[in-house]
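Novice: Sharing target-v9.cif below, mmCIF, C-alpha atoms:
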data_final
#
loop_
_atom_site.label_atom_id
_atom_site.label_comp_id
_atom_site.auth_asym_id
_atom_site.auth_seq_id
_atom_site.Cartn_x
_atom_site.Cartn_y
_atom_site.Cartn_z
CA MET A 26 9.36 -55.22 18.26
CA LYS A 27 8.73 -58.93 17.82
CA LYS A 28 12.44 -59.53 17.15
CA LEU A 29 13.41 -57.69 20.34
CA ILE A 30 11.03 -59.81 22.43
CA VAL A 31 12.35 -63.03 20.86
CA LEU A 32 15.94 -61.93 21.48
CA PHE A 33 15.08 -61.16 25.12
CA LEU A 34 13.49 -64.59 25.59
CA LEU A 35 16.48 -66.37 24.05
CA THR A 36 18.91 -64.40 26.22
CA THR A 37 16.88 -65.24 29.33
CA LEU A 38 16.88 -68.95 28.51
CA MET A 39 20.67 -68.95 27.93
CA LEU A 40 21.35 -67.17 31.23
CA THR A 41 19.03 -69.56 33.04
CA SER A 42 20.83 -72.60 31.62
CA CYS A 43 24.23 -71.19 32.61
CA PHE A 44 23.53 -69.87 36.09
CA GLY A 45 20.23 -71.37 37.13
CA GLY A 46 21.73 -74.35 39.06
CA ASP A 47 22.04 -74.54 42.81
CA ASN A 48 25.75 -73.79 43.56
CA ASN A 49 25.51 -75.34 47.01
CA THR A 50 24.40 -78.73 45.71
CA PRO A 51 27.20 -81.24 44.90
CA ASP A 52 27.31 -82.49 41.34
CA ASP A 53 25.51 -85.78 41.06
CA THR A 54 25.82 -87.54 37.73
CA THR A 55 24.06 -90.71 38.72
CA ASP A 56 20.63 -89.48 37.57
CA THR A 57 21.73 -87.53 34.54
CA MET A 58 19.09 -87.63 31.80
CA ASP A 59 20.04 -89.29 28.54
CA THR A 60 19.32 -86.61 25.95
CA ARG A 61 20.66 -88.46 22.96
CA ASP A 62 17.20 -89.17 21.56
CA VAL A 63 15.49 -85.88 22.41
CA HIS A 64 15.36 -84.81 18.79
CA ASN A 65 14.03 -88.18 17.69
CA ASN A 66 10.71 -87.87 19.58
CA THR A 67 7.71 -85.63 18.87
CA LEU A 68 8.14 -83.27 21.81
CA GLY A 69 7.77 -79.75 20.41
CA ASP A 70 6.57 -80.97 17.04
CA ASP A 71 3.69 -78.50 16.83
CA ASN A 72 2.70 -78.94 13.22
CA GLY A 73 3.11 -82.74 12.94
CA ASP A 74 5.79 -82.65 10.26
CA GLY A 75 8.21 -84.76 12.32
CA VAL A 76 10.49 -81.82 12.99
CA VAL A 77 10.88 -80.22 16.39
CA GLU A 78 10.59 -76.47 15.83
CA ASP A 79 12.98 -74.15 17.61
CA GLU A 80 11.89 -71.25 19.77
CA THR A 81 11.50 -68.83 16.88
CA ASP A 82 8.97 -70.98 15.03
CA ASP A 83 5.25 -70.39 15.34
CA GLY A 84 4.96 -72.94 18.10
CA MET A 85 4.38 -72.55 21.80
CA ASN A 86 7.66 -70.79 22.55
CA GLY A 87 9.51 -67.65 21.60
CA GLY A 88 8.09 -65.69 18.73
CA GLY A 89 5.09 -68.02 18.53
CA ILE A 90 3.73 -66.71 21.82
CA VAL A 91 4.10 -63.11 20.70
CA ASP A 92 2.45 -63.82 17.35
CA ASP A 93 -0.42 -65.71 18.99
CA VAL A 94 -1.04 -62.95 21.53
CA ILE A 95 -0.96 -60.25 18.86
CA ASP A 96 -3.22 -62.24 16.53
CA GLY A 97 -5.66 -62.92 19.37
CA ALA A 98 -5.73 -59.26 20.39
CA GLU A 99 -6.35 -58.16 16.82
CA THR A 100 -9.20 -60.66 16.48
CA LEU A 101 -10.77 -59.51 19.74
CA VAL A 102 -10.61 -55.86 18.73
CA SER A 103 -12.08 -56.69 15.33
CA ASP A 104 -14.96 -58.63 16.91
CA VAL A 105 -15.74 -55.80 19.34
CA VAL A 106 -15.70 -53.19 16.56
CA ASP A 107 -17.88 -55.36 14.32
CA GLY A 108 -20.32 -55.96 17.16
CA ALA A 109 -20.57 -52.27 17.92
CA GLY A 110 -21.13 -51.56 14.26
CA ASP A 111 -23.97 -54.07 14.11
CA ILE A 112 -25.66 -52.37 17.05
CA LEU A 113 -25.31 -48.90 15.55
CA ASP A 114 -26.46 -50.10 12.13
CA GLY A 115 -29.54 -51.76 13.54
CA ASN A 116 -28.53 -55.40 12.91
CA GLY A 117 -28.80 -56.62 16.46
CA GLY A 118 -32.14 -55.39 17.76
CA ALA A 119 -33.98 -58.11 19.63
CA ASP A 120 -37.03 -57.77 21.87
CA GLY A 121 -38.18 -54.70 20.00
CA THR A 122 -35.08 -52.62 20.80
CA ASP A 123 -34.87 -49.39 18.78
CA MET A 124 -31.83 -49.93 16.54
CA SER A 125 -33.07 -47.88 13.60
CA GLY A 126 -32.99 -44.59 15.43
CA ASP A 127 -36.65 -43.69 14.86
CA ASN A 128 -37.33 -43.63 18.62
CA MET A 129 -39.95 -46.37 18.44
CA LEU A 130 -40.13 -49.87 19.83
CA ASN A 131 -42.11 -52.62 18.21
CA ASN A 132 -44.45 -54.48 20.56
CA ASP A 133 -42.86 -57.82 19.56
CA THR A 134 -41.86 -59.97 22.53
CA SER A 135 -40.71 -63.04 20.60
CA GLY A 136 -37.05 -62.04 20.78
CA GLU A 137 -36.73 -62.03 17.00
CA GLN A 138 -34.85 -59.28 15.22
CA ARG A 139 -37.42 -56.84 13.89
CA GLU A 140 -37.55 -53.29 12.67
CA PRO A 141 -40.48 -51.13 13.77
CA ASN A 142 -43.16 -51.75 11.15
CA PHE A 143 -45.79 -49.10 11.80
CA SER A 144 -47.62 -47.97 8.68
CA GLU A 145 -49.62 -44.80 8.15
CA VAL A 146 -53.38 -45.27 8.07
CA ASN A 147 -56.19 -43.34 6.42
CA SER A 148 -58.82 -44.38 8.97
CA VAL A 149 -58.92 -45.91 12.43
CA ASN A 150 -61.36 -48.81 12.63
CA SER A 151 -59.47 -51.29 14.83
CA ALA A 152 -56.86 -51.58 17.56
CA ASP A 153 -54.19 -52.21 14.93
CA ASP A 154 -55.24 -49.07 13.07
CA ALA A 155 -54.95 -47.09 16.32
CA LEU A 156 -51.51 -48.58 16.99
CA ASN A 157 -50.32 -47.55 13.54
CA PHE A 158 -51.94 -44.12 13.82
CA ILE A 159 -49.82 -43.40 16.89
CA GLY A 160 -46.63 -45.09 15.68
CA ALA A 161 -46.64 -43.73 12.14
CA ASN A 162 -49.10 -40.86 11.62
CA VAL A 163 -48.38 -39.03 14.88
CA TYR A 164 -44.80 -39.92 15.85
CA SER A 165 -43.45 -39.22 12.38
CA LYS A 166 -44.31 -35.57 12.98
CA CYS A 167 -42.63 -35.23 16.39
CA LYS A 168 -39.71 -37.67 16.48
CA ASP A 169 -37.46 -35.27 18.35
CA VAL A 170 -39.62 -35.20 21.49
CA ILE A 171 -40.41 -38.92 21.74
CA PRO A 172 -38.20 -40.72 24.31
CA MET A 173 -35.46 -42.86 22.76
CA MET A 174 -36.88 -46.05 24.26
CA THR A 175 -40.65 -46.03 23.70
CA GLU A 176 -42.95 -49.04 23.55
CA THR A 177 -46.32 -48.83 21.84
CA LYS A 178 -48.71 -51.68 22.54
CA ILE A 179 -52.33 -52.80 22.72
CA LEU A 180 -53.54 -53.62 26.23
CA SER A 181 -55.78 -56.58 26.89
CA THR A 182 -59.19 -55.36 28.03
CA ASP A 183 -59.24 -58.33 30.43
CA ASP A 184 -56.13 -57.16 32.32
CA ILE A 185 -57.70 -54.70 34.75
CA ASP A 186 -54.51 -54.32 36.81
CA SER A 187 -52.55 -53.19 33.75
CA ILE A 188 -55.40 -50.94 32.61
CA THR A 189 -55.62 -49.26 36.02
CA TYR A 190 -51.85 -48.76 36.20
CA ASN A 191 -51.67 -47.20 32.73
CA THR A 192 -54.96 -45.25 32.67
CA GLY A 193 -56.32 -45.00 36.19
CA LEU A 194 -59.61 -46.52 35.00
CA THR A 195 -61.12 -49.42 36.95
CA ASN A 196 -63.46 -50.80 34.29
CA THR A 197 -63.78 -50.92 30.50
CA ASP A 198 -67.42 -49.95 30.09
CA GLY A 199 -67.87 -48.35 26.66
CA ILE A 200 -64.24 -49.06 25.68
CA ASP A 201 -63.40 -51.19 22.66
CA ASP A 202 -59.60 -50.93 22.66
CA ILE A 203 -56.80 -49.40 24.73
CA ILE A 204 -53.44 -48.49 23.21
CA VAL A 205 -50.56 -47.29 25.37
CA SER A 206 -47.29 -45.73 24.24
CA ASP A 207 -44.86 -45.38 27.14
CA SER A 208 -41.24 -44.70 27.81
CA SER A 209 -39.76 -48.09 28.72
CA LEU A 210 -37.38 -46.38 31.16
CA ASP A 211 -38.79 -45.25 34.50
CA SER A 212 -36.47 -42.25 34.47
CA PHE A 213 -38.55 -40.61 31.70
CA ALA A 214 -42.07 -39.37 32.47
CA TYR A 215 -43.91 -39.89 29.20
CA SER A 216 -47.11 -41.69 28.27
CA LEU A 217 -49.73 -41.55 25.54
CA VAL A 218 -53.02 -43.41 26.05
CA MET A 219 -55.59 -43.87 23.31
CA LEU A 220 -59.08 -45.24 23.90
CA ARG A 221 -61.32 -46.50 21.13
CA THR A 222 -64.86 -46.24 22.46
CA ASP A 223 -68.28 -47.42 21.30
CA GLY A 224 -69.54 -43.83 21.26
CA THR A 225 -72.07 -44.21 24.07
CA ASN A 226 -70.23 -42.13 26.67
CA THR A 227 -67.13 -40.71 24.98
CA ASP A 228 -67.28 -37.34 26.75
CA THR A 229 -67.55 -39.01 30.16
CA LEU A 230 -64.65 -41.35 29.37
CA GLN A 231 -62.49 -38.42 28.23
CA ASN A 232 -63.11 -36.67 31.52
CA GLU A 233 -62.50 -39.83 33.59
CA LEU A 234 -59.32 -40.79 31.76
CA SER A 235 -57.91 -37.25 31.91
CA ASN A 236 -58.46 -36.99 35.65
CA SER A 237 -57.74 -40.61 36.66
CA ILE A 238 -54.45 -41.17 34.85
CA ASN A 239 -51.51 -41.00 37.26
CA PRO A 240 -48.83 -38.45 36.24
CA GLY A 241 -46.50 -39.93 38.88
CA LYS A 242 -46.75 -43.61 38.00
CA TRP A 243 -42.99 -43.84 37.36
CA LEU A 244 -40.20 -44.15 39.92
CA GLY A 245 -38.85 -40.76 40.97
CA VAL A 246 -40.28 -38.70 38.09
CA VAL A 247 -43.61 -36.92 37.55
CA ALA A 248 -45.18 -35.58 34.37
CA GLU A 249 -45.37 -31.80 34.18
CA LYS A 250 -48.43 -31.65 31.98
CA VAL A 251 -51.48 -33.72 31.02
CA SER A 252 -53.63 -32.92 27.96
CA SER A 253 -56.44 -34.71 26.15
CA ILE A 254 -58.28 -34.55 22.84
CA LYS A 255 -61.30 -36.28 21.32
CA LEU A 256 -61.15 -37.63 17.75
CA ASP A 257 -64.64 -38.78 16.68
CA ASP A 258 -65.31 -41.46 19.31
CA ASP A 259 -61.64 -41.97 20.15
CA ILE A 260 -59.75 -40.28 22.98
CA ILE A 261 -56.07 -39.50 23.34
CA VAL A 262 -54.40 -38.36 26.58
CA VAL A 263 -50.72 -37.39 26.66
CA MET A 264 -48.61 -36.67 29.74
CA GLY A 265 -44.96 -35.71 30.04
CA GLY A 266 -42.86 -32.54 29.88
CA ALA A 267 -44.85 -29.35 29.21
CA GLU A 268 -43.28 -28.52 25.84
CA GLN A 269 -43.20 -32.21 24.92
CA VAL A 270 -46.95 -32.60 25.50
CA ASP A 271 -47.75 -29.44 23.52
CA THR A 272 -45.66 -30.64 20.56
CA ILE A 273 -47.18 -34.13 20.54
CA MET A 274 -50.76 -32.85 20.86
CA SER A 275 -50.17 -30.50 17.93
CA SER A 276 -48.90 -33.49 15.95
CA VAL A 277 -52.01 -35.48 16.94
CA MET A 278 -54.27 -32.73 15.59
CA GLU A 279 -52.26 -32.49 12.37
CA ALA A 280 -52.21 -36.27 11.90
CA ALA A 281 -55.96 -36.53 12.62
CA ASN A 282 -56.92 -34.27 9.71
CA GLY A 283 -58.17 -36.50 6.91
CA VAL A 284 -58.26 -39.55 9.19
CA TYR A 285 -61.07 -38.43 11.52
CA ASP A 286 -64.18 -36.45 10.64
CA ASN A 287 -64.33 -34.53 13.90
CA VAL A 288 -61.18 -33.32 15.64
CA GLY A 289 -61.88 -31.77 19.02
CA ASP A 290 -60.03 -29.11 20.93
CA ILE A 291 -57.01 -29.82 23.09
CA VAL A 292 -57.98 -29.82 26.75
CA SER A 293 -55.23 -29.06 29.27
CA VAL A 294 -55.88 -31.07 32.41
CA MET A 295 -52.70 -30.33 34.34
CA GLY A 296 -49.78 -27.99 33.78
#
Let me see the file written as structure tokens.
Specialist:
Amino acid sequence: MKKLIVLFLLTTLMLTSCFGGDNNTPDDTTDTMDTRDVHNNTLGDDNGDGVVEDETDDGMNGGGIVDDVIDGAETLVSDVVDGAGDILDGNGGADGTDMSGDNMLNNDTSGEQREPNFSEVNSVNSADDALNFIGANVYSKCKDVIPMMTETKILSTDDIDSITYNTGLTNTDGIDDIIVSDSSLDSFAYSLVMLRTDGTNTDTLQNELSNSINPGKWLGVVAEKVSSIKLDDDIIVVMGGAEQVDTIMSSVMEAANGVYDNVGDIVSVMG
């Protein structure tokens, strides 16, 4: 194919040189270019060896153009394929993007490449323990129903606006920590909220959270079901699709055995 293209280019150049002149213009030899020294200069010397390459060399003409275009196309295709492979293999995940296929996002906002690093816990005594309990103990048992893009994070107890948006609560009385695990896409209605409380009014907080959380906080989608459960002095509320919520709450109860002393009953609030 390359040889055919080169032959076509050479034929075109020969025809142009023979018939390309203006037949209506009288011959004028007064300004004829002196071409005696053309091959003594460096015009067309692409590789600097002092020799002017012809049109079939790997220069700017003839076969060189074809070779360069083909080489460039092959390089581009190779780069695109390699890039896609990196994404699928999990080598390019920045900003907590789920590249490992475990349906979980890390709450890292530094832009560094990180794999989700949740670890199973045997007890929940801090916000980090609660984060890992959700990300590892619970989600490992129900991966198939967790949205592909899910972010699990600890909320600041000073950020009332964020707390109200995610929980419906307007104050943090009796609350030590708040952990939220949400779909990062507004087209998926899914949220898990976990409160670590000081134990003074856990039952009241469970009731308030269950009835204050907004099942329609997303754009254009609404959760079908809301359920809650009390684990010692901690509270978990899950909202999303009906079957999804049932599966996750069952996983919460299973994961809580051996981690909490007292696992309450699942309370269906809506749906």
Novice: Identify all residues satisfying the PyMOL selection byres ((chain A and resi 240-256) around 6) in the given file; provide them as a compact mmCIF listing (two decimals) with C-alpha atoms, in the frame of the given file.
Specialist:
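Listing of part.txt after writing:
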# COMPACT_ATOMS: atom_id res chain seq x y z
CA ASP A 211 -38.79 -45.25 34.50
CA ALA A 214 -42.07 -39.37 32.47
CA ASN A 239 -51.51 -41.00 37.26
CA ASP A 257 -64.64 -38.78 16.68
CA ASP A 258 -65.31 -41.46 19.31
CA ASP A 259 -61.64 -41.97 20.15
CA ILE A 260 -59.75 -40.28 22.98
CA ILE A 261 -56.07 -39.50 23.34
CA VAL A 262 -54.40 -38.36 26.58
CA VAL A 263 -50.72 -37.39 26.66
CA MET A 264 -48.61 -36.67 29.74
CA GLY A 265 -44.96 -35.71 30.04
CA GLY A 266 -42.86 -32.54 29.88
CA ALA A 267 -44.85 -29.35 29.21
CA ASN A 287 -64.33 -34.53 13.90
CA VAL A 288 -61.18 -33.32 15.64
CA GLY A 289 -61.88 -31.77 19.02
CA ILE A 291 -57.01 -29.82 23.09
CA VAL A 292 -57.98 -29.82 26.75
CA SER A 293 -55.23 -29.06 29.27
CA VAL A 294 -55.88 -31.07 32.41
CA MET A 295 -52.70 -30.33 34.34
CA GLY A 296 -49.78 -27.99 33.78
Novice: List the spatial neighbours of A:Ile179 as an NGL selection string - criterion: any atom at most 8 Å away, all atoms listed in the file, same-chain residues fewer than 5 positions off excluded.
Specialist: :A and (152 or 156 or 202-205)
Novice: One number please: atom CA of A:Asp286 to atom CA of A:Gly224, in Å, one decimal.
Specialist: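 Straight-line distance from atom CA of A:Asp286 to atom CA of A:Gly224 works out to 14.0 Å.
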Novice: Output the residue selection produced by the PyMOL selection byres ((chain A and resi 182) around 12) on the file above, formatted as JSON, numbers by chain.
Specialist: {"A": [152, 179, 180, 181, 183, 184, 185, 186, 187, 188, 189, 192, 194, 195, 196, 197, 198, 199, 200, 201, 202, 203, 204, 220, 221]}
Novice: Select all residues near (-54.7, -42.7, 12.5) (cut-off 10 Å, inclusive, file coordinates), counting all atoms listed in the file, and output them as a PyMOL selection string.
Specialist: chain A and resi 144-150+153-163+256+277+280-285
Novice: Could you check how far atom CA of A:Phe143 sits from atom CA of A:Thr177, in Å to one decimal?
Specialist: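 Answer for the atom CA of A:Phe143 to atom CA of A:Thr177 separation: 10.1 Å.
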Novice: Carefully work through the PyMOL selection byres ((chain A and resi 232-234) around 8) for this structure and note down the residues it includes, as a PyMOL selection string.
Specialist: chain A and resi 192-194+228-231+235-238+262
Novice: What is the distance, in Å and to one decimal place, between atom CA of A:Asn142 and atom CA of A:Met173?
Specialist: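 Computing it gives 16.5 Å between the two atoms.
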